[in-house]
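File shown: target_17.txt. Contents: compact mmCIF, C-alpha atoms.
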```txt
# COMPACT_ATOMS: atom_id res chain seq x y z
CA MET Y 1 0.00 0.00 0.00
CA LYS Y 2 1.20 3.49 -0.88
CA GLN Y 3 0.65 6.56 1.29
CA LYS Y 4 1.25 10.19 0.43
CA ILE Y 5 1.70 12.83 3.13
CA THR Y 6 1.14 16.33 1.81
CA ASN Y 7 1.14 19.92 3.04
CA GLY Y 8 3.75 19.37 5.76
CA THR Y 9 6.89 21.22 6.80
CA LEU Y 10 9.44 18.44 6.47
CA LEU Y 11 12.41 18.27 8.85
CA THR Y 12 14.99 16.31 6.86
CA PRO Y 13 18.55 15.64 8.09
CA PHE Y 14 19.94 18.78 6.50
CA ARG Y 15 17.12 21.19 5.64
CA THR Y 16 13.53 22.19 6.19
CA ILE Y 17 11.15 21.69 3.26
CA PRO Y 18 7.97 23.81 3.43
CA ASN Y 19 4.90 22.28 1.79
CA GLY Y 20 6.79 19.03 1.19
CA THR Y 21 5.49 15.58 0.30
CA VAL Y 22 6.51 12.22 1.71
CA VAL Y 23 5.67 9.01 -0.15
CA ILE Y 24 5.52 5.73 1.77
CA GLU Y 25 5.21 2.17 0.53
CA ASN Y 26 5.06 -0.95 2.71
CA GLY Y 27 6.18 0.97 5.78
CA GLN Y 28 9.21 2.61 4.19
CA ILE Y 29 9.85 6.09 2.84
CA ILE Y 30 10.30 5.87 -0.93
CA GLY Y 31 10.32 9.57 -1.73
CA ILE Y 32 10.85 13.05 -0.28
CA HIS Y 33 9.65 15.88 -2.53
CA ASP Y 34 9.82 19.68 -2.40
CA GLY Y 35 6.18 20.18 -3.34
CA PRO Y 36 2.96 18.39 -4.30
CA ILE Y 37 3.29 15.41 -6.63
CA ASP Y 38 0.85 12.94 -8.15
CA VAL Y 39 1.02 9.42 -6.70
CA PRO Y 40 -1.71 7.25 -8.29
CA ASP Y 41 -3.67 5.00 -5.91
CA ALA Y 42 -1.94 6.42 -2.80
CA VAL Y 43 -3.84 7.04 0.41
CA GLU Y 44 -3.40 10.76 1.08
CA ILE Y 45 -2.72 12.22 4.53
CA ASP Y 46 -2.95 16.00 4.89
CA ALA Y 47 -0.38 17.28 7.41
CA ARG Y 48 -2.29 20.59 7.56
CA GLY Y 49 0.87 22.67 7.68
CA GLN Y 50 2.31 20.89 10.71
CA PHE Y 51 5.93 19.89 11.12
CA LEU Y 52 6.74 16.36 10.00
CA ALA Y 53 9.83 14.85 11.65
CA PRO Y 54 11.42 11.43 12.10
CA GLY Y 55 9.94 9.62 15.09
CA PHE Y 56 11.75 10.22 18.35
CA ILE Y 57 14.04 7.50 19.73
CA ASP Y 58 14.38 7.28 23.52
CA LEU Y 59 17.57 5.47 24.57
CA HIS Y 60 16.74 5.46 28.28
CA VAL Y 61 13.24 5.12 29.71
CA HIS Y 62 11.94 3.29 32.78
CA GLY Y 63 8.20 3.73 32.51
CA GLY Y 64 5.14 5.88 32.00
CA GLY Y 65 1.38 5.87 32.20
CA GLY Y 66 1.47 4.34 35.69
CA PHE Y 67 3.72 1.41 34.70
CA ASP Y 68 7.41 0.55 35.11
CA PHE Y 69 9.40 -2.04 33.17
CA MET Y 70 10.48 -3.48 36.54
CA ASP Y 71 6.84 -4.41 37.24
CA GLY Y 72 7.74 -7.57 35.38
CA THR Y 73 4.56 -7.84 33.32
CA GLU Y 74 3.93 -7.82 29.61
CA GLU Y 75 1.12 -5.35 30.19
CA ALA Y 76 3.57 -2.86 31.71
CA PHE Y 77 5.87 -3.06 28.68
CA LEU Y 78 3.05 -2.58 26.20
CA LYS Y 79 1.33 0.25 28.10
CA ILE Y 80 4.60 2.17 28.43
CA ALA Y 81 5.20 1.81 24.68
CA GLU Y 82 1.71 3.14 23.97
CA LEU Y 83 2.06 6.05 26.40
CA HIS Y 84 5.30 7.32 24.88
CA ALA Y 85 3.94 6.99 21.34
CA GLN Y 86 1.49 9.74 22.32
CA TYR Y 87 4.46 12.08 22.66
CA GLY Y 88 6.16 11.23 19.37
CA THR Y 89 8.38 8.32 20.41
CA THR Y 90 8.46 5.60 17.77
CA ALA Y 91 11.28 3.51 19.26
CA LEU Y 92 12.66 3.15 22.77
CA VAL Y 93 15.06 1.15 24.91
CA PRO Y 94 13.36 -0.26 28.04
CA THR Y 95 15.58 0.32 31.06
CA THR Y 96 15.93 -1.54 34.37
CA LEU Y 97 16.97 -0.31 37.78
CA THR Y 98 19.56 -1.80 40.09
CA ALA Y 99 18.08 -5.09 41.33
CA GLU Y 100 18.76 -8.69 42.27
CA LYS Y 101 19.91 -10.95 39.45
CA ASP Y 102 16.65 -12.93 39.43
CA ASP Y 103 14.62 -9.74 38.96
CA LEU Y 104 16.81 -8.71 36.03
CA LEU Y 105 16.46 -12.13 34.44
CA GLN Y 106 12.69 -12.04 34.86
CA THR Y 107 12.50 -8.60 33.25
CA LEU Y 108 14.56 -9.83 30.31
CA ASP Y 109 12.24 -12.81 29.87
CA VAL Y 110 9.16 -10.57 29.90
CA TYR Y 111 10.81 -8.31 27.34
CA GLU Y 112 11.02 -11.19 24.87
CA ARG Y 113 7.25 -11.78 25.05
CA ALA Y 114 6.37 -8.10 24.99
CA HIS Y 115 8.65 -7.46 22.02
CA ARG Y 116 6.79 -10.05 19.96
CA ASN Y 117 3.39 -8.57 20.84
CA ASN Y 118 4.19 -4.86 20.61
CA THR Y 119 2.19 -3.58 17.65
CA GLN Y 120 0.39 -0.52 19.06
CA GLY Y 121 3.18 1.49 20.68
CA ALA Y 122 6.76 2.61 20.19
CA ALA Y 123 9.01 -0.21 18.97
CA PHE Y 124 11.47 -1.83 21.36
CA LEU Y 125 15.16 -1.68 20.38
CA GLY Y 126 16.44 -4.01 23.12
CA MET Y 127 17.06 -3.76 26.86
CA HIS Y 128 19.23 -1.35 28.82
CA LEU Y 129 20.48 -2.62 32.16
CA GLU Y 130 21.15 0.38 34.39
CA GLY Y 131 23.26 -1.17 37.12
CA PRO Y 132 23.78 -2.86 39.49
CA TYR Y 133 27.51 -2.13 39.10
CA PHE Y 134 27.61 1.41 40.47
CA ALA Y 135 29.50 3.61 42.94
CA LEU Y 136 27.50 3.69 46.16
CA SER Y 137 28.41 7.35 46.62
CA GLN Y 138 26.66 8.22 43.33
CA ARG Y 139 23.67 5.90 43.64
CA GLY Y 140 21.09 8.69 43.28
CA ALA Y 141 17.69 7.01 43.66
CA GLN Y 142 19.10 3.54 42.94
CA ASP Y 143 18.48 1.07 45.79
CA PRO Y 144 21.76 0.72 47.76
CA ARG Y 145 20.84 -2.84 48.79
CA TYR Y 146 21.57 -4.11 45.31
CA ILE Y 147 24.64 -2.08 44.32
CA ARG Y 148 27.75 -4.19 43.84
CA ASN Y 149 30.95 -4.61 41.80
CA PRO Y 150 30.92 -6.37 38.42
CA ASP Y 151 30.84 -10.14 38.94
CA PRO Y 152 31.90 -12.18 35.87
CA VAL Y 153 29.88 -15.18 36.98
CA GLU Y 154 26.77 -13.05 37.29
CA TYR Y 155 27.08 -10.95 34.14
CA GLU Y 156 28.08 -13.91 31.99
CA GLU Y 157 24.92 -15.73 33.10
CA ILE Y 158 22.80 -12.68 32.32
CA LEU Y 159 24.43 -12.16 28.92
CA SER Y 160 23.98 -15.84 28.06
CA ARG Y 161 20.30 -15.79 29.04
CA SER Y 162 19.27 -12.99 26.71
CA SER Y 163 20.35 -11.67 23.33
CA SER Y 164 18.16 -8.60 23.83
CA ILE Y 165 20.60 -6.59 25.96
CA VAL Y 166 21.80 -3.69 23.81
CA ARG Y 167 23.38 -1.45 26.44
CA TRP Y 168 24.58 -1.74 30.04
CA SER Y 169 25.52 1.15 32.35
CA ALA Y 170 28.23 0.82 35.00
CA ALA Y 171 30.79 2.79 37.01
CA PRO Y 172 34.19 2.26 35.30
CA GLU Y 173 36.33 2.81 38.41
CA LEU Y 174 35.00 -0.30 40.16
CA GLU Y 175 37.09 -3.42 40.48
CA GLY Y 176 36.39 -5.59 37.45
CA ALA Y 177 34.69 -2.80 35.45
CA ILE Y 178 37.32 -2.64 32.71
CA ALA Y 179 37.09 -6.38 32.01
CA PHE Y 180 33.31 -5.95 32.05
CA GLY Y 181 33.51 -3.22 29.40
CA GLN Y 182 35.77 -5.36 27.24
CA ARG Y 183 33.30 -8.24 27.47
CA LEU Y 184 30.36 -6.01 26.53
CA ARG Y 185 32.25 -4.78 23.49
CA GLN Y 186 32.92 -8.38 22.45
CA LYS Y 187 29.19 -9.09 22.72
CA GLY Y 188 28.21 -5.99 20.72
CA VAL Y 189 26.59 -4.38 23.77
CA ILE Y 190 27.04 -0.64 24.37
CA ALA Y 191 28.99 -0.05 27.58
CA ALA Y 192 27.93 3.20 29.22
CA ILE Y 193 29.44 5.18 32.10
CA ALA Y 194 26.98 5.92 34.91
CA HIS Y 195 26.52 6.54 38.65
CA THR Y 196 30.23 7.01 39.05
CA ASP Y 197 32.95 8.87 40.93
CA ALA Y 198 35.57 8.16 38.28
CA LEU Y 199 38.38 10.59 37.50
CA TYR Y 200 39.78 11.40 34.07
CA ASP Y 201 42.30 8.56 34.04
CA ASP Y 202 39.56 6.09 34.93
CA VAL Y 203 37.34 7.39 32.15
CA LEU Y 204 40.18 7.37 29.62
CA LEU Y 205 40.96 3.74 30.46
CA ALA Y 206 37.28 2.87 30.16
CA TYR Y 207 37.06 4.67 26.81
CA GLU Y 208 40.01 2.66 25.56
CA ASN Y 209 38.34 -0.56 26.68
CA GLY Y 210 34.85 -0.38 25.26
CA TYR Y 211 32.90 2.34 27.07
CA SER Y 212 31.45 4.71 24.47
CA LEU Y 213 28.47 6.49 26.07
CA VAL Y 214 27.87 8.61 29.16
CA THR Y 215 24.52 7.93 30.84
CA HIS Y 216 22.51 11.06 31.80
CA LEU Y 217 25.43 13.48 31.74
CA TYR Y 218 25.76 15.57 34.95
CA SER Y 219 23.37 13.32 36.89
CA ALA Y 220 24.97 10.98 39.46
CA MET Y 221 28.58 11.52 38.41
CA SER Y 222 31.75 13.32 39.40
CA GLY Y 223 32.84 16.75 38.28
CA VAL Y 224 36.05 18.56 39.18
CA THR Y 225 37.36 16.99 42.39
CA ARG Y 226 39.89 18.46 44.82
CA ARG Y 227 42.21 16.15 46.73
CA ASN Y 228 45.04 17.44 48.91
CA ALA Y 229 44.91 20.83 47.17
CA PHE Y 230 45.13 19.31 43.69
CA ARG Y 231 42.23 19.39 41.24
CA TYR Y 232 41.23 16.40 39.11
CA ALA Y 233 38.86 16.25 36.16
CA GLY Y 234 35.80 14.11 36.77
CA VAL Y 235 33.45 12.28 34.43
CA ILE Y 236 31.72 15.46 33.27
CA GLU Y 237 34.95 17.09 32.08
CA SER Y 238 36.13 13.77 30.62
CA ALA Y 239 32.93 13.49 28.58
CA PHE Y 240 33.63 16.91 27.10
CA LEU Y 241 37.27 16.12 26.34
CA LEU Y 242 36.90 12.64 24.84
CA ASP Y 243 34.95 11.50 21.79
CA LEU Y 244 32.25 9.94 23.93
CA ASP Y 245 28.58 10.14 23.11
CA VAL Y 246 26.44 11.65 25.85
CA GLU Y 247 22.77 11.52 26.71
CA ILE Y 248 20.99 14.24 28.69
CA ILE Y 249 17.69 14.54 30.53
CA GLY Y 250 16.58 17.74 28.82
CA ASP Y 251 13.60 18.38 31.08
CA GLY Y 252 14.97 21.78 32.12
CA ILE Y 253 15.06 20.61 35.74
CA HIS Y 254 17.70 17.88 35.95
CA LEU Y 255 19.73 20.22 33.75
CA PRO Y 256 18.81 23.92 33.86
CA PRO Y 257 19.07 26.02 30.67
CA PRO Y 258 22.73 27.09 31.10
CA LEU Y 259 23.86 23.45 31.27
CA LEU Y 260 21.68 22.47 28.31
CA LYS Y 261 23.38 25.28 26.37
CA LEU Y 262 26.84 24.19 27.52
CA VAL Y 263 26.36 20.56 26.48
CA TYR Y 264 25.08 21.62 23.08
CA LYS Y 265 27.93 24.10 22.61
CA ILE Y 266 30.65 21.56 23.45
CA LYS Y 267 29.27 18.21 22.28
CA GLY Y 268 26.89 19.36 19.55
CA ALA Y 269 23.79 17.67 18.19
CA ASP Y 270 25.72 14.78 16.63
CA ARG Y 271 27.16 13.62 19.97
CA THR Y 272 24.19 14.41 22.24
CA ALA Y 273 21.07 12.28 22.57
CA LEU Y 274 17.98 13.50 24.39
CA ILE Y 275 16.51 10.97 26.82
CA THR Y 276 13.48 11.09 29.07
CA ASP Y 277 14.78 8.70 31.77
CA ALA Y 278 11.05 8.70 32.53
CA MET Y 279 9.61 6.73 35.44
CA ARG Y 280 6.03 5.45 35.80
CA ALA Y 281 4.56 8.89 36.53
CA ALA Y 282 5.29 10.21 33.03
CA GLY Y 283 2.00 11.20 31.44
CA MET Y 284 0.24 11.01 34.82
CA PRO Y 285 -1.06 13.67 37.26
CA GLU Y 286 1.35 14.94 39.91
CA GLY Y 287 1.29 13.40 43.39
CA GLU Y 288 2.67 10.27 45.04
CA SER Y 289 4.21 7.57 42.87
CA THR Y 290 6.71 4.70 42.97
CA LEU Y 291 10.15 4.52 41.38
CA GLY Y 292 10.85 0.97 40.23
CA SER Y 293 8.60 -2.02 40.74
CA LEU Y 294 5.39 -1.80 42.73
CA LYS Y 295 6.63 -4.74 44.78
CA ASN Y 296 9.74 -3.16 46.27
CA GLY Y 297 10.16 0.24 44.64
CA LEU Y 298 10.90 3.60 46.20
CA LYS Y 299 8.06 5.94 47.16
CA VAL Y 300 8.44 9.37 45.54
CA ILE Y 301 6.58 12.65 45.14
CA VAL Y 302 5.97 14.11 41.69
CA GLU Y 303 5.77 17.90 41.67
CA ASP Y 304 7.23 20.79 39.69
CA GLY Y 305 7.51 18.51 36.67
CA VAL Y 306 9.92 16.05 38.30
CA ALA Y 307 9.96 13.15 40.78
CA LYS Y 308 11.57 13.85 44.17
CA LEU Y 309 12.53 11.83 47.20
CA PRO Y 310 9.88 12.08 49.94
CA ASP Y 311 12.07 14.48 51.96
CA ARG Y 312 12.60 16.57 48.79
CA THR Y 313 16.38 16.51 49.18
CA ALA Y 314 17.03 15.10 45.70
CA PHE Y 315 15.40 14.28 42.40
CA ALA Y 316 14.18 10.69 42.09
CA GLY Y 317 13.42 10.41 38.42
CA SER Y 318 12.11 12.21 35.39
CA VAL Y 319 8.53 12.45 34.15
CA ALA Y 320 9.58 14.00 30.83
CA THR Y 321 8.34 13.05 27.39
CA MET Y 322 10.38 13.34 24.21
CA ASN Y 323 8.40 16.22 22.72
CA ARG Y 324 8.99 18.20 25.93
CA LEU Y 325 12.73 17.64 25.56
CA VAL Y 326 12.76 18.90 21.98
CA ARG Y 327 10.68 21.93 23.00
CA ASN Y 328 13.06 22.69 25.87
CA MET Y 329 16.14 22.54 23.67
CA VAL Y 330 14.52 25.05 21.31
CA GLN Y 331 12.95 27.35 23.90
CA LEU Y 332 15.38 27.09 26.82
CA ALA Y 333 18.70 26.33 25.12
CA ASP Y 334 18.25 28.28 21.85
CA VAL Y 335 18.95 25.20 19.73
CA PRO Y 336 17.60 25.32 16.14
CA LEU Y 337 14.59 23.03 15.71
CA LEU Y 338 16.33 20.89 13.09
CA GLU Y 339 19.24 20.29 15.49
CA ALA Y 340 16.94 19.54 18.45
CA VAL Y 341 15.08 16.97 16.36
CA ARG Y 342 18.41 15.41 15.38
CA MET Y 343 19.24 14.99 19.09
CA ALA Y 344 15.96 13.12 19.51
CA SER Y 345 16.17 10.95 16.39
CA THR Y 346 19.25 10.79 14.16
CA THR Y 347 21.84 10.79 16.94
CA PRO Y 348 20.16 8.13 19.12
CA ALA Y 349 19.61 6.00 16.02
CA ARG Y 350 23.33 6.16 15.26
CA ILE Y 351 24.30 5.38 18.86
CA MET Y 352 22.03 2.31 18.87
CA GLY Y 353 23.26 1.14 15.47
CA VAL Y 354 19.85 1.40 13.78
CA ASP Y 355 20.58 4.49 11.67
CA HIS Y 356 20.51 2.39 8.49
CA GLN Y 357 16.73 2.14 8.92
CA LYS Y 358 15.59 4.71 11.50
CA GLY Y 359 16.19 8.24 12.73
CA ALA Y 360 15.82 10.40 9.64
CA LEU Y 361 13.24 11.66 7.20
CA ALA Y 362 14.97 10.18 4.16
CA LYS Y 363 14.39 7.76 1.32
CA GLY Y 364 14.90 4.13 2.34
CA LYS Y 365 14.25 4.70 6.06
CA ASP Y 366 11.35 3.27 8.03
CA ALA Y 367 8.29 5.51 7.95
CA ASP Y 368 8.54 6.26 11.67
CA LEU Y 369 7.08 9.76 11.74
CA VAL Y 370 5.77 12.37 14.15
CA PHE Y 371 3.54 15.33 13.29
CA PHE Y 372 3.66 18.31 15.66
CA ASP Y 373 2.65 21.96 15.79
CA GLN Y 374 4.60 25.15 16.52
CA ASN Y 375 4.60 24.35 20.25
CA ILE Y 376 5.83 20.82 19.56
CA MET Y 377 2.57 19.32 20.70
CA VAL Y 378 2.25 15.94 19.02
CA ARG Y 379 -0.77 15.46 16.79
CA LEU Y 380 -0.01 12.14 15.11
CA THR Y 381 2.59 9.37 15.39
CA MET Y 382 3.30 6.69 12.79
CA ARG Y 383 5.41 3.56 13.11
CA GLN Y 384 6.44 2.05 9.77
CA GLY Y 385 3.56 3.84 8.12
CA LYS Y 386 0.99 2.62 10.64
CA LEU Y 387 -0.89 5.11 12.80
CA ILE Y 388 -0.14 4.45 16.48
CA TYR Y 389 -1.39 7.74 17.89
CA SER Y 390 -3.70 10.52 16.78
CA ALA Y 391 -4.71 13.48 18.95
```
Please re-express this file's structure in structure tokens.
Amino acid sequence: MKQKITNGTLLTPFRTIPNGTVVIENGQIIGIHDGPIDVPDAVEIDARGQFLAPGFIDLHVHGGGGFDFMDGTEEAFLKIAELHAQYGTTALVPTTLTAEKDDLLQTLDVYERAHRNNTQGAAFLGMHLEGPYFALSQRGAQDPRYIRNPDPVEYEEILSRSSSIVRWSAAPELEGAIAFGQRLRQKGVIAAIAHTDALYDDVLLAYENGYSLVTHLYSAMSGVTRRNAFRYAGVIESAFLLDLDVEIIGDGIHLPPPLLKLVYKIKGADRTALITDAMRAAGMPEGESTLGSLKNGLKVIVEDGVAKLPDRTAFAGSVATMNRLVRNMVQLADVPLLEAVRMASTTPARIMGVDHQKGALAKGKDADLVFFDQNIMVRLTMRQGKLIYSA
């Protein structure tokens, strides 16, 4: 079946095309045109002057719509995928929290079933294990009961149980973390630096041994550290100095506008991916919620557009959606719309190794599309040419 999308402002990888036309066949883009064209027998969709962009790709998301991936149910996976599709996400990477090995294995098993049955929401690109190999001092809202050093016996069992793990976040300064990074690289799994007190030399060694991404830059990691009068660069400075990819929670709260501007100025759109890091309260009213599984998760309060610990001493998770991140980069960080969209689509697609088929409004790519207005409010989301959300 052919589809023709007309009367849209197309956001292609390199330019904006007013009143452009996109032609789709069998779920793929087969043509991008500067103006109206005749496509016999095509089903026509009128974009009504809205922006048409590649679907957003969220590399790091825990939940939404009242569900968390750690709930361990297929329903949770599918409902989260549907919730984020409402905000323009067409592909995402389900993310765990620090937990016991058995809970991680169960979540991986559920992923396999949910992946096969996910037809109505954002596509799954594989699992992200966030922890449990973290620095206790930088645990953030991660449960300290489960934080530990990399254990080859444990991670080899987990890696052998599932081929769906696509990224794993860890603190590179821990004993055994370098061998862990090397093993992940051998398995084709992205090794990411997270929840860490590493110094520059630790990060450099990690970079040389497989670590290629920095998880939620600025959050739960070291900056400039002073020891015995001497200053040492931390993970933040190392991320700026080295050719590492970074992801940021662009909700305007975890990172205020000056830091959003700084990351963009130094790393640029091609090295920076926007992530929601959203927990179950994303898309829900403010109030009490739970970070992690309902069984043994952490009680939190959602207010001011973010989740906080009950005593309000620290953030406890994001409730952002991808369209909000793009809007913030434009309105708070003065990033051109085309570049902000790239940070939410093209760059994450390249990081995840799916840029041959996703992440750009271009011929030959999957017809994963999002329609939005001037305020970046999503009006329609398509996954491989199929409507998965309409306002």
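In terms of minimum interatomic distance to Phe124 in chain Y, Y:His60 ranks closest within Y:Lys2, Y:His60, Y:His33, Y:Lys386, counting all atoms listed in the file.
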May I have the residues within 6 Å of range 339-353 of chain Y as a short mmCIF file (atom, residue, chain, number, x, y, z; two decimals) with C-alpha atoms, keeping the file's coordinate frame, using all atoms listed in the file and disregarding those fewer than 2 positions away in the same chain?
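Once written, part.cif looks like this:
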```
data_model
loop_
_atom_site.label_atom_id
_atom_site.label_comp_id
_atom_site.auth_asym_id
_atom_site.auth_seq_id
_atom_site.Cartn_x
_atom_site.Cartn_y
_atom_site.Cartn_z
CA PHE Y 56 11.75 10.22 18.35
CA ILE Y 57 14.04 7.50 19.73
CA ALA Y 269 23.79 17.67 18.19
CA ASP Y 270 25.72 14.78 16.63
CA THR Y 272 24.19 14.41 22.24
CA ALA Y 273 21.07 12.28 22.57
CA LEU Y 274 17.98 13.50 24.39
CA VAL Y 326 12.76 18.90 21.98
CA PRO Y 336 17.60 25.32 16.14
CA LEU Y 337 14.59 23.03 15.71
CA ASP Y 355 20.58 4.49 11.67
CA GLY Y 359 16.19 8.24 12.73
CA ALA Y 360 15.82 10.40 9.64
#
```
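CA of Leu52 in chain Y is positioned 16.7 Å from CA of Leu325 in chain Y.
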Exercise: residues within 8 Å of coordinate (19.0, 18.4, 8.4), counting only C-alpha atoms, as a list in words |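 Checking each residue against the 8 Å limit leaves Leu11, Thr12, Pro13, Phe14, Arg15, Thr16, Leu338, Glu339 and Arg342 of chain Y.
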Each side padded by 5 Å, which centre and which edge lengths in Å (one decimal) define the axis-aligned box around the listed atoms of range 325-334 of chain Y? Give them as AutoDock Vina command-line options.
```
--center_x 14.7 --center_y 23.0 --center_z 24.1 --size_x 18.0 --size_y 20.6 --size_z 15.5
```
At most 8 Å from (0.5, 10.4, 27.9), file frame, all atoms listed in the file: which residues, as a CSV table (one decimal) with C-alpha atoms, keeping the file's coordinate frame?
```
chain,number,residue,atom,x,y,z
Y,64,GLY,CA,5.1,5.9,32.0
Y,65,GLY,CA,1.4,5.9,32.2
Y,83,LEU,CA,2.1,6.0,26.4
Y,84,HIS,CA,5.3,7.3,24.9
Y,86,GLN,CA,1.5,9.7,22.3
Y,87,TYR,CA,4.5,12.1,22.7
Y,282,ALA,CA,5.3,10.2,33.0
Y,283,GLY,CA,2.0,11.2,31.4
Y,284,MET,CA,0.2,11.0,34.8
```
Residue with smallest distance to Gly55 in chain Y - pool Y:Gly223, Y:Glu303, Y:Ala91, Y:Arg185, counting only C-alpha atoms |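 Distance minimum relative to Gly55 in chain Y lands on Y:Ala91.
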Nearest to Val214 in chain Y, chosen from Y:Leu136, Y:Leu59, Y:Glu175, Y:Gly252, with only C-alpha atoms counted in the distances = Y:Leu59
Counting all atoms listed in the file, what is within 9 Å of Asp201 in chain Y, bar same-chain residues fewer than 3 positions away, as a PyMOL selection string?
-> chain Y and resi 198+204-206+233-234+238
Using all atoms listed in the file: which of Y:Lys308, Y:Ile248, Y:Ile388, Y:Arg271 has the shortest distance to Asn328 in chain Y | Y:Ile248
Select, from Y:Gly385, Y:Gly63, Y:Gly126, Y:Gly27, the residue with the minimum atom-to-atom distance to Ser289 in chain Y, counting only C-alpha atoms.
->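 Among the listed residues, Y:Gly63 lies closest to Ser289 in chain Y.
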Shell of 12 Å around Ile178 in chain Y, all atoms listed in the file, local chain residues under 5 positions omitted, as a list in words | Tyr133, Asn149, Pro150, Asp151, Pro152, Ala170, Ala171, Pro172, Glu173, Arg183, Leu184, Arg185, Ala191, Ala192, Ile193, Asp202, Val203, Leu204, Leu205, Ala206, Tyr207, Glu208, Asn209, Gly210 and Tyr211 of chain Y
Quick one, how far is CA of Glu286 in chain Y from CA of Ala316 in chain Y?
-> 13.7 Å
Separation of CA of Lys295 in chain Y from CA of Thr96 in chain Y in Å | 14.3 Å
Name the closest residue to Pro144 in chain Y among the candidates Y:Leu298, Y:Leu244, Y:Ile376, Y:Ala177; distances are taken between atoms, counting all atoms listed in the file.
->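 Closest residue, counting all atoms listed in the file: Y:Leu298.
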Residues within 9 Å of range 154-167 of chain Y, only C-alpha atoms, excluding chain neighbours under 5 positions, as a VMD selection string = chain Y and resid 93 101 104 to 105 108 to 109 111 to 112 125 to 130 180 183 to 184 187 to 192 352
Prev. selection, C-alpha atoms, output as a PDB file, keeping the file's coordinate frame:
```pdb
ATOM      1  CA  VAL Y  93      15.060   1.150  24.910  1.00  0.00           C
ATOM      2  CA  LYS Y 101      19.910 -10.950  39.450  1.00  0.00           C
ATOM      3  CA  LEU Y 104      16.810  -8.710  36.030  1.00  0.00           C
ATOM      4  CA  LEU Y 105      16.460 -12.130  34.440  1.00  0.00           C
ATOM      5  CA  LEU Y 108      14.560  -9.830  30.310  1.00  0.00           C
ATOM      6  CA  ASP Y 109      12.240 -12.810  29.870  1.00  0.00           C
ATOM      7  CA  TYR Y 111      10.810  -8.310  27.340  1.00  0.00           C
ATOM      8  CA  GLU Y 112      11.020 -11.190  24.870  1.00  0.00           C
ATOM      9  CA  LEU Y 125      15.160  -1.680  20.380  1.00  0.00           C
ATOM     10  CA  GLY Y 126      16.440  -4.010  23.120  1.00  0.00           C
ATOM     11  CA  MET Y 127      17.060  -3.760  26.860  1.00  0.00           C
ATOM     12  CA  HIS Y 128      19.230  -1.350  28.820  1.00  0.00           C
ATOM     13  CA  LEU Y 129      20.480  -2.620  32.160  1.00  0.00           C
ATOM     14  CA  GLU Y 130      21.150   0.380  34.390  1.00  0.00           C
ATOM     15  CA  PHE Y 180      33.310  -5.950  32.050  1.00  0.00           C
ATOM     16  CA  ARG Y 183      33.300  -8.240  27.470  1.00  0.00           C
ATOM     17  CA  LEU Y 184      30.360  -6.010  26.530  1.00  0.00           C
ATOM     18  CA  LYS Y 187      29.190  -9.090  22.720  1.00  0.00           C
ATOM     19  CA  GLY Y 188      28.210  -5.990  20.720  1.00  0.00           C
ATOM     20  CA  VAL Y 189      26.590  -4.380  23.770  1.00  0.00           C
ATOM     21  CA  ILE Y 190      27.040  -0.640  24.370  1.00  0.00           C
ATOM     22  CA  ALA Y 191      28.990  -0.050  27.580  1.00  0.00           C
ATOM     23  CA  ALA Y 192      27.930   3.200  29.220  1.00  0.00           C
ATOM     24  CA  MET Y 352      22.030   2.310  18.870  1.00  0.00           C
TER      25      MET Y 352
END
```
